[in-house]
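S.K.: Below are the structure tokens for one structure; questions will follow.
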Amino acid sequence: MRLAEPKRTARPSGSVKTTKAVVSILAAAFVSLSAGCSPSTTTQQEVKTQAEQPAPSPSQQLALLHWAPANHKAIQALIDDFGVRSKSYNKDKRPYAVFDWDNTSAFNDVEETLLTYQLTNLQFKMTPEQFVSAIKKNIPKDNFKKEFNNKAGKPVQIDLISEDLGADYKYLYENYKGFKGTKSLEEIKATPQYQDFVAKARYLYEAIGGTFSPDVSYPWVTYLFTGMTEKEVRQLAGASIDYNLQDAIGEKTLTSPGELPGQAGVVEVKIKTGLRAFAEQQNLYKTFMDNGIDVYVCSASFIDVVKEFASNPKYGYSLPEDHVLAMELERDAAGVIQPEYRKGYDQTQGKGKTKTIERFLVSKYGHGPIFVAGDSDGDTAMLSDFKDMKLGLIVNRLKGGELGELSKTAANGIGTGNAKYLLQGRDDNTGTFRNSEKSVSLGSSEEKLLK
């Protein structure tokens, strides 16, 4: 997105010579009388010295809000050094920033909360045969990890649970009025088939993600949009976002009904609830853009879902839609989503994020991002791979693994004034940033810096 070219200020004509002192007095008086008005931004050619530049308007300054003070200072310095007010700013070689979405730009996972919403409201456009094909696609037939054993302690694998889910979905398809039946959603919710369907499908998502590699688990959830158009996915995503922004932050347990054990047996899954926008990230997006720093999202969630949250102005981020990079699926000539990952596209997780940024952004700008933000192992590559990156922001979820190592680097840089990686604390009980690098886990009141 290009900023509008600033208006040039007309120079006074005539033979009256004005001293620098008078100019200073008049300028001070004008600022005093017009408090609250934003001075115009001038181009580099019109500005000879830093002292002659007008004070930044509120939109050009990053609000403190609940940033850790050192992080706020470091990001503001980055804006000052690389934004439009910098002497070195080149509008033909604009700087840009890349953010992860889930748990980085917003609290909790928009894809996961949408999955629960989609299941509980039976929002699907597939026949029973298509549904079973979608949930089995590319899933190995190995047993899920022991932590996903059923309530009787027996292992579960895809063939067992897909048989149960297929039977549940067939019943719902034939009886729910949203499909081919006559029963209302409230009537359907009272049936064991509905309760089994919701619990086992949500369990299956966690079991696949907890057992197999991300390149297997990440696309899987997107296949449930099969048969929908972008408009339909975005309408569904908007309804889910609206619901989950109001839902309580916490955890709840789903258990499949004992009277319908099926082939997989009774299973149980714990899920997170609630979704929140991070005011600090909303403001940072805007402040970057107001300062001529382009903003992009690179997310492992489905592209239409992320677009709805990131680009719909009602949610406060207002990111241009073509600045969202995320998981892609094939679509037919009518735009209907197919259960197949888009050919020629990298999955936007792990190294795939780096490859996607190189393909679409480095090739466009001629350089890498100056700022990258993430929160998990899936973001470690893009937080590490770009030599042009000046600052890496880690939203502190007290993670171990690869991100945990970067978090240690960030922790060691606290107080040095020149850290490349910043840790930003948050409170998982409220879904908000904290004025600290330390975070508070859900159900706890203890603040911690590292895992």
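In the structure tokens, the first chain shown is A, the next is B, and so on; residue numbers restart at 1 for each chain, and ligands run from 1 in the order shown.
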What lies within 10 Å of Ile75 in chain A using only C-alpha atoms, ignoring chain neighbours under 2 positions off, as a PDB file with N, CA, C and O atoms, in the first residue's frame?
M.R.:
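Result file follows (around11.pdb):
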```
ATOM      1  N   LEU A  62       4.161   5.075  17.972  1.00  0.00           N
ATOM      2  CA  LEU A  62       3.605   3.839  18.516  1.00  0.00           C
ATOM      3  C   LEU A  62       3.070   4.091  19.921  1.00  0.00           C
ATOM      4  O   LEU A  62       3.790   4.588  20.791  1.00  0.00           O
ATOM      5  N   ALA A  70      10.806  -1.520  27.153  1.00  0.00           N
ATOM      6  CA  ALA A  70      11.999  -1.647  26.315  1.00  0.00           C
ATOM      7  C   ALA A  70      11.633  -2.054  24.891  1.00  0.00           C
ATOM      8  O   ALA A  70      12.274  -1.623  23.921  1.00  0.00           O
ATOM      9  N   ASN A  71      10.598  -2.889  24.756  1.00  0.00           N
ATOM     10  CA  ASN A  71      10.154  -3.303  23.424  1.00  0.00           C
ATOM     11  C   ASN A  71       9.543  -2.132  22.667  1.00  0.00           C
ATOM     12  O   ASN A  71       9.797  -1.940  21.471  1.00  0.00           O
ATOM     13  N   HIS A  72       8.736  -1.354  23.383  1.00  0.00           N
ATOM     14  CA  HIS A  72       8.131  -0.178  22.769  1.00  0.00           C
ATOM     15  C   HIS A  72       9.216   0.772  22.264  1.00  0.00           C
ATOM     16  O   HIS A  72       9.141   1.288  21.136  1.00  0.00           O
ATOM     17  N   LYS A  73      10.224   0.984  23.075  1.00  0.00           N
ATOM     18  CA  LYS A  73      11.320   1.888  22.702  1.00  0.00           C
ATOM     19  C   LYS A  73      12.068   1.358  21.483  1.00  0.00           C
ATOM     20  O   LYS A  73      12.392   2.120  20.557  1.00  0.00           O
ATOM     21  N   ALA A  77      12.164   3.063  17.778  1.00  0.00           N
ATOM     22  CA  ALA A  77      13.454   3.417  17.179  1.00  0.00           C
ATOM     23  C   ALA A  77      13.571   2.848  15.772  1.00  0.00           C
ATOM     24  O   ALA A  77      14.100   3.504  14.856  1.00  0.00           O
ATOM     25  N   LEU A  78      13.051   1.640  15.580  1.00  0.00           N
ATOM     26  CA  LEU A  78      13.043   1.033  14.249  1.00  0.00           C
ATOM     27  C   LEU A  78      12.215   1.882  13.282  1.00  0.00           C
ATOM     28  O   LEU A  78      12.633   2.138  12.142  1.00  0.00           O
ATOM     29  N   ILE A  79      11.059   2.332  13.746  1.00  0.00           N
ATOM     30  CA  ILE A  79      10.195   3.181  12.924  1.00  0.00           C
ATOM     31  C   ILE A  79      10.895   4.488  12.582  1.00  0.00           C
ATOM     32  O   ILE A  79      10.854   4.957  11.438  1.00  0.00           O
ATOM     33  N   ASP A  80      11.552   5.074  13.574  1.00  0.00           N
ATOM     34  CA  ASP A  80      12.269   6.328  13.345  1.00  0.00           C
ATOM     35  C   ASP A  80      13.411   6.151  12.339  1.00  0.00           C
ATOM     36  O   ASP A  80      13.674   7.026  11.504  1.00  0.00           O
ATOM     37  N   ASP A  81      14.087   5.005  12.425  1.00  0.00           N
ATOM     38  CA  ASP A  81      15.262   4.769  11.588  1.00  0.00           C
ATOM     39  C   ASP A  81      14.922   4.367  10.154  1.00  0.00           C
ATOM     40  O   ASP A  81      15.707   4.628   9.233  1.00  0.00           O
ATOM     41  N   LEU A 284       0.251  -1.317  16.078  1.00  0.00           N
ATOM     42  CA  LEU A 284       1.546  -1.450  15.409  1.00  0.00           C
ATOM     43  C   LEU A 284       1.366  -1.582  13.896  1.00  0.00           C
ATOM     44  O   LEU A 284       2.112  -0.963  13.126  1.00  0.00           O
ATOM     45  N   PHE A 288       3.098   1.228  11.622  1.00  0.00           N
ATOM     46  CA  PHE A 288       4.014   0.870  10.542  1.00  0.00           C
ATOM     47  C   PHE A 288       3.528   1.455   9.219  1.00  0.00           C
ATOM     48  O   PHE A 288       4.285   2.108   8.488  1.00  0.00           O
ATOM     49  N   PHE A 371      11.367  -6.425   9.987  1.00  0.00           N
ATOM     50  CA  PHE A 371      10.730  -6.791  11.253  1.00  0.00           C
ATOM     51  C   PHE A 371       9.924  -8.058  11.014  1.00  0.00           C
ATOM     52  O   PHE A 371       9.193  -8.167  10.029  1.00  0.00           O
ATOM     53  N   LYS A 390      15.945  -6.424  11.213  1.00  0.00           N
ATOM     54  CA  LYS A 390      16.569  -5.629  12.272  1.00  0.00           C
ATOM     55  C   LYS A 390      16.028  -6.002  13.650  1.00  0.00           C
ATOM     56  O   LYS A 390      16.751  -5.936  14.635  1.00  0.00           O
ATOM     57  N   LEU A 391      14.741  -6.363  13.689  1.00  0.00           N
ATOM     58  CA  LEU A 391      14.119  -6.754  14.958  1.00  0.00           C
ATOM     59  C   LEU A 391      13.223  -7.965  14.748  1.00  0.00           C
ATOM     60  O   LEU A 391      12.453  -8.019  13.776  1.00  0.00           O
ATOM     61  N   GLY A 392      13.310  -8.914  15.673  1.00  0.00           N
ATOM     62  CA  GLY A 392      12.404 -10.049  15.694  1.00  0.00           C
ATOM     63  C   GLY A 392      11.618 -10.013  16.992  1.00  0.00           C
ATOM     64  O   GLY A 392      12.211  -9.954  18.078  1.00  0.00           O
ATOM     65  N   LEU A 393      10.298 -10.023  16.897  1.00  0.00           N
ATOM     66  CA  LEU A 393       9.437  -9.982  18.077  1.00  0.00           C
ATOM     67  C   LEU A 393       8.890 -11.370  18.357  1.00  0.00           C
ATOM     68  O   LEU A 393       8.285 -11.993  17.486  1.00  0.00           O
ATOM     69  N   LEU A 422      13.161  -9.558  20.657  1.00  0.00           N
ATOM     70  CA  LEU A 422      12.410  -9.022  21.786  1.00  0.00           C
ATOM     71  C   LEU A 422      11.395 -10.051  22.255  1.00  0.00           C
ATOM     72  O   LEU A 422      10.716 -10.678  21.445  1.00  0.00           O
TER      73      LEU A 422
END
```
S.K.: Contacts of Glu308 in chain A at 9 Å or less, counting only C-alpha atoms, minus same-chain residues fewer than 3 places along, as a ChimeraX atom specification?
M.R.: /A:233-235,237-238,241,303-305,311-312,315,321
S.K.: Which residues of range 184-300 of chain A come within 6 Å of range 328-345 of chain A, and what is each one's closest atom pair and distance in Å (one decimal), counting only C-alpha atoms, sorted by chain and residue number, as JSON lines?
M.R.:
```
{"residue": "A:Tyr223", "atom": "CA", "partner": "A:Pro339", "partner_atom": "CA", "distance": 4.8}
{"residue": "A:Thr226", "atom": "CA", "partner": "A:Ile337", "partner_atom": "CA", "distance": 5.0}
{"residue": "A:Gly227", "atom": "CA", "partner": "A:Ile337", "partner_atom": "CA", "distance": 5.3}
{"residue": "A:Met228", "atom": "CA", "partner": "A:Val336", "partner_atom": "CA", "distance": 5.4}
{"residue": "A:Thr229", "atom": "CA", "partner": "A:Val336", "partner_atom": "CA", "distance": 4.7}
```
S.K.: So that I can check the surroundings of range 203-206 of chain A, please list as a compact mmCIF listing (two decimals) with C-alpha atoms, in the first residue's frame every protein, DNA and RNA residue that reaches within 8 Å of it, counting only C-alpha atoms and ignoring chain neighbours fewer than 3 positions away.
M.R.:
```
# COMPACT_ATOMS: atom_id res chain seq x y z
CA ILE A 161 -12.37 -42.98 14.09
CA ALA A 199 -16.21 -34.57 20.28
CA LYS A 200 -14.54 -37.06 17.94
CA GLY A 209 -1.51 -32.51 15.16
CA GLY A 210 -0.01 -34.20 18.21
CA SER A 217 -1.66 -31.88 10.18
CA VAL A 221 -8.24 -28.88 8.94
CA VAL A 267 -12.50 -40.29 23.54
CA GLU A 268 -11.87 -37.02 25.31
CA VAL A 269 -10.21 -33.78 24.27
```
S.K.: Distance CA of Pro140 in chain A-CA of Thr211 in chain A, one decimal place?
M.R.: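 Separation between CA of Pro140 in chain A and CA of Thr211 in chain A: 9.9 Å.
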S.K.: Quick check, in Å to one decimal: how far apart do CA of Gly292 in chain A and CA of Leu403 in chain A lie?
M.R.: 29.5 Å
S.K.: Between A:Phe144, A:Tyr117, A:Tyr171, A:Tyr218, which has the minimum distance to Asp159 in chain A (counting only C-alpha atoms)?
M.R.: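 The answer is A:Phe144, which sits nearest to Asp159 in chain A.
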S.K.: Quick check for you: according to DSSP on this backbone, which residues of range 298-354 of chain A are classed as alpha helix (DSSP H)? Reply as a list of chain:residue names.
M.R.: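 Output for range 298-354 of chain A, alpha helix (DSSP H) only: A:Ile303, A:Asp304, A:Val305, A:Val306, A:Lys307, A:Glu308, A:Phe309, A:Ala310, A:Ser311, A:Lys351, A:Gly352, A:Lys353, A:Thr354.
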S.K.: Just to be explicit: take each residue in the selection above, keep N, CA and C atoms, and write the result as a compact mmCIF listing (two decimals), in the first residue's frame.
M.R.:
```txt
# COMPACT_ATOMS: atom_id res chain seq x y z
N ILE A 303 -6.17 -19.19 4.16
CA ILE A 303 -6.07 -17.82 3.71
C ILE A 303 -7.38 -17.04 3.83
N ASP A 304 -8.52 -17.64 3.49
CA ASP A 304 -9.79 -16.91 3.55
C ASP A 304 -10.18 -16.58 4.98
N VAL A 305 -9.79 -17.47 5.91
CA VAL A 305 -10.09 -17.25 7.33
C VAL A 305 -9.27 -16.08 7.87
N VAL A 306 -7.98 -16.07 7.54
CA VAL A 306 -7.10 -14.99 8.02
C VAL A 306 -7.50 -13.66 7.40
N LYS A 307 -7.86 -13.67 6.13
CA LYS A 307 -8.28 -12.43 5.47
C LYS A 307 -9.45 -11.78 6.20
N GLU A 308 -10.41 -12.61 6.64
CA GLU A 308 -11.59 -12.04 7.29
C GLU A 308 -11.20 -11.30 8.57
N PHE A 309 -10.31 -11.86 9.35
CA PHE A 309 -9.89 -11.25 10.61
C PHE A 309 -8.95 -10.07 10.36
N ALA A 310 -7.99 -10.27 9.47
CA ALA A 310 -6.94 -9.26 9.27
C ALA A 310 -7.39 -8.09 8.42
N SER A 311 -8.31 -8.31 7.47
CA SER A 311 -8.63 -7.28 6.48
C SER A 311 -9.99 -6.62 6.67
N LYS A 351 9.83 -23.84 7.35
CA LYS A 351 10.62 -23.32 6.24
C LYS A 351 9.74 -22.82 5.10
N GLY A 352 8.51 -23.34 5.04
CA GLY A 352 7.59 -22.89 4.01
C GLY A 352 7.25 -21.42 4.13
N LYS A 353 7.30 -20.89 5.36
CA LYS A 353 7.07 -19.45 5.53
C LYS A 353 8.20 -18.65 4.89
N THR A 354 9.43 -19.09 5.13
CA THR A 354 10.57 -18.41 4.51
C THR A 354 10.48 -18.46 3.00
```
S.K.: Looking at only C-alpha atoms, which of A:Phe124, A:Tyr194, A:Tyr296, A:Phe302 is the one that sits closest to Gly368 in chain A?
M.R.: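 Counting only C-alpha atoms, the residue closest to Gly368 in chain A is A:Tyr296.
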S.K.: Which residues, written as a list in words, have at least one atom at most 7 Å from Gln424 in chain A, with only C-alpha atoms counted and residues fewer than 5 positions away on the same chain left out?
M.R.: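 Close residues of Gln424 in chain A: Ala68, Ile394, Val395, Asn396, Ser436 and Glu437 of chain A.
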S.K.: Counting only C-alpha atoms, which residue out of A:Arg397, A:Asp322, A:Gln193, A:Gly413 sits closest to Lys438 in chain A?
M.R.: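 Closest to Lys438 in chain A of all the choices is A:Arg397.
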S.K.: Considering only C-alpha atoms, return as a ChimeraX atom specification whatever protein or nucleic-acid residues lie within 12 Å of Gln123 in chain A, sequence-local ones (same chain, fewer than 4 positions apart) excluded.
M.R.: /A:114-119,169,172-173,176-179,185,198,224-228,232-233,235-237,239-240
S.K.: Could those residues be written to a file, using N, CA and C atoms, as an mmCIF file, in the first residue's frame?
M.R.:
```cif
data_model
loop_
_atom_site.group_PDB
_atom_site.id
_atom_site.type_symbol
_atom_site.label_atom_id
_atom_site.label_comp_id
_atom_site.auth_asym_id
_atom_site.auth_seq_id
_atom_site.Cartn_x
_atom_site.Cartn_y
_atom_site.Cartn_z
ATOM 1 N N LEU A 114 -12.495 -21.586 14.914
ATOM 2 C CA LEU A 114 -13.446 -21.750 13.812
ATOM 3 C C LEU A 114 -13.817 -23.223 13.642
ATOM 4 N N LEU A 115 -12.858 -24.128 13.797
ATOM 5 C CA LEU A 115 -13.165 -25.551 13.697
ATOM 6 C C LEU A 115 -14.248 -25.940 14.691
ATOM 7 N N THR A 116 -14.102 -25.516 15.938
ATOM 8 C CA THR A 116 -15.109 -25.832 16.951
ATOM 9 C C THR A 116 -16.456 -25.222 16.588
ATOM 10 N N TYR A 117 -16.432 -23.982 16.102
ATOM 11 C CA TYR A 117 -17.672 -23.312 15.708
ATOM 12 C C TYR A 117 -18.315 -24.032 14.525
ATOM 13 N N GLN A 118 -17.505 -24.428 13.567
ATOM 14 C CA GLN A 118 -18.004 -25.127 12.382
ATOM 15 C C GLN A 118 -18.639 -26.466 12.760
ATOM 16 N N LEU A 119 -17.999 -27.192 13.658
ATOM 17 C CA LEU A 119 -18.527 -28.476 14.098
ATOM 18 C C LEU A 119 -19.833 -28.321 14.874
ATOM 19 N N TYR A 169 -21.833 -38.405 10.645
ATOM 20 C CA TYR A 169 -22.119 -37.386 9.628
ATOM 21 C C TYR A 169 -23.278 -37.831 8.734
ATOM 22 N N LEU A 172 -26.467 -37.144 10.585
ATOM 23 C CA LEU A 172 -26.730 -35.704 10.612
ATOM 24 C C LEU A 172 -27.151 -35.204 9.236
ATOM 25 N N TYR A 173 -26.517 -35.682 8.204
ATOM 26 C CA TYR A 173 -26.809 -35.271 6.838
ATOM 27 C C TYR A 173 -28.250 -35.615 6.459
ATOM 28 N N TYR A 176 -30.677 -33.473 9.766
ATOM 29 C CA TYR A 176 -30.610 -32.044 10.064
ATOM 30 C C TYR A 176 -31.147 -31.242 8.890
ATOM 31 N N LYS A 177 -31.979 -30.259 9.177
ATOM 32 C CA LYS A 177 -32.596 -29.476 8.106
ATOM 33 C C LYS A 177 -31.588 -28.608 7.350
ATOM 34 N N GLY A 178 -30.417 -28.394 7.949
ATOM 35 C CA GLY A 178 -29.363 -27.666 7.241
ATOM 36 C C GLY A 178 -28.735 -28.487 6.139
ATOM 37 N N PHE A 179 -28.993 -29.787 6.147
ATOM 38 C CA PHE A 179 -28.548 -30.687 5.087
ATOM 39 C C PHE A 179 -29.772 -31.178 4.308
ATOM 40 N N LEU A 185 -31.532 -27.457 14.539
ATOM 41 C CA LEU A 185 -30.220 -27.647 15.156
ATOM 42 C C LEU A 185 -30.372 -27.999 16.624
ATOM 43 N N VAL A 198 -19.144 -34.045 17.229
ATOM 44 C CA VAL A 198 -18.389 -32.864 17.663
ATOM 45 C C VAL A 198 -17.153 -33.276 18.460
ATOM 46 N N LEU A 224 -11.825 -29.299 5.476
ATOM 47 C CA LEU A 224 -13.217 -29.253 5.922
ATOM 48 C C LEU A 224 -13.988 -28.106 5.271
ATOM 49 N N PHE A 225 -13.283 -27.234 4.540
ATOM 50 C CA PHE A 225 -13.955 -26.174 3.783
ATOM 51 C C PHE A 225 -14.335 -26.636 2.373
ATOM 52 N N THR A 226 -14.074 -27.892 2.070
ATOM 53 C CA THR A 226 -14.394 -28.432 0.751
ATOM 54 C C THR A 226 -15.855 -28.145 0.380
ATOM 55 N N GLY A 227 -16.043 -27.677 -0.849
ATOM 56 C CA GLY A 227 -17.392 -27.389 -1.337
ATOM 57 C C GLY A 227 -17.831 -25.952 -1.135
ATOM 58 N N MET A 228 -17.053 -25.171 -0.369
ATOM 59 C CA MET A 228 -17.406 -23.774 -0.107
ATOM 60 C C MET A 228 -16.671 -22.839 -1.055
ATOM 61 N N GLU A 232 -18.307 -17.848 1.209
ATOM 62 C CA GLU A 232 -18.924 -18.678 2.245
ATOM 63 C C GLU A 232 -17.967 -18.918 3.411
ATOM 64 N N VAL A 233 -16.696 -19.140 3.112
ATOM 65 C CA VAL A 233 -15.715 -19.331 4.186
ATOM 66 C C VAL A 233 -15.575 -18.056 5.002
ATOM 67 N N GLN A 235 -17.780 -15.644 5.403
ATOM 68 C CA GLN A 235 -18.985 -15.439 6.215
ATOM 69 C C GLN A 235 -18.960 -16.338 7.446
ATOM 70 N N LEU A 236 -18.541 -17.591 7.267
ATOM 71 C CA LEU A 236 -18.425 -18.526 8.384
ATOM 72 C C LEU A 236 -17.360 -18.051 9.368
ATOM 73 N N ALA A 237 -16.221 -17.613 8.841
ATOM 74 C CA ALA A 237 -15.143 -17.121 9.702
ATOM 75 C C ALA A 237 -15.593 -15.902 10.494
ATOM 76 N N ALA A 239 -18.645 -15.083 11.431
ATOM 77 C CA ALA A 239 -19.575 -15.503 12.483
ATOM 78 C C ALA A 239 -18.823 -16.124 13.646
ATOM 79 N N SER A 240 -17.810 -16.927 13.339
ATOM 80 C CA SER A 240 -17.003 -17.553 14.385
ATOM 81 C C SER A 240 -16.194 -16.523 15.164
#
```
S.K.: Enumerate, as a list in words, the complete set of residues in range 46-198 of chain A that a backbone-based DSSP assignment places in strand (DSSP E).
M.R.: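 For range 46-198 of chain A, the strand (DSSP E) set is Tyr96, Ala97, Val98, Phe99, Ala106 and Phe107 of chain A.
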S.K.: Please write the residues from the selection above to a file, keeping N, CA, C and O atoms, as a compact mmCIF listing (two decimals), in the first residue's frame.
M.R.:
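Generated file (selection26.txt):
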```
# COMPACT_ATOMS: atom_id res chain seq x y z
N TYR A 96 9.47 -3.36 4.88
CA TYR A 96 8.23 -4.06 5.21
C TYR A 96 8.43 -4.99 6.42
O TYR A 96 9.56 -5.35 6.77
N ALA A 97 7.31 -5.33 7.04
CA ALA A 97 7.30 -6.19 8.22
C ALA A 97 6.40 -7.39 7.95
O ALA A 97 5.42 -7.30 7.20
N VAL A 98 6.72 -8.53 8.56
CA VAL A 98 5.92 -9.74 8.41
C VAL A 98 5.52 -10.27 9.78
O VAL A 98 6.38 -10.45 10.66
N PHE A 99 4.24 -10.51 9.96
CA PHE A 99 3.69 -11.03 11.22
C PHE A 99 3.07 -12.41 11.00
O PHE A 99 2.39 -12.64 9.99
N ALA A 106 -3.12 -11.89 17.15
CA ALA A 106 -4.34 -11.99 17.95
C ALA A 106 -4.17 -13.13 18.95
O ALA A 106 -3.34 -14.02 18.75
N PHE A 107 -4.95 -13.10 20.00
CA PHE A 107 -4.87 -14.11 21.05
C PHE A 107 -5.67 -15.34 20.68
O PHE A 107 -6.84 -15.25 20.30
```
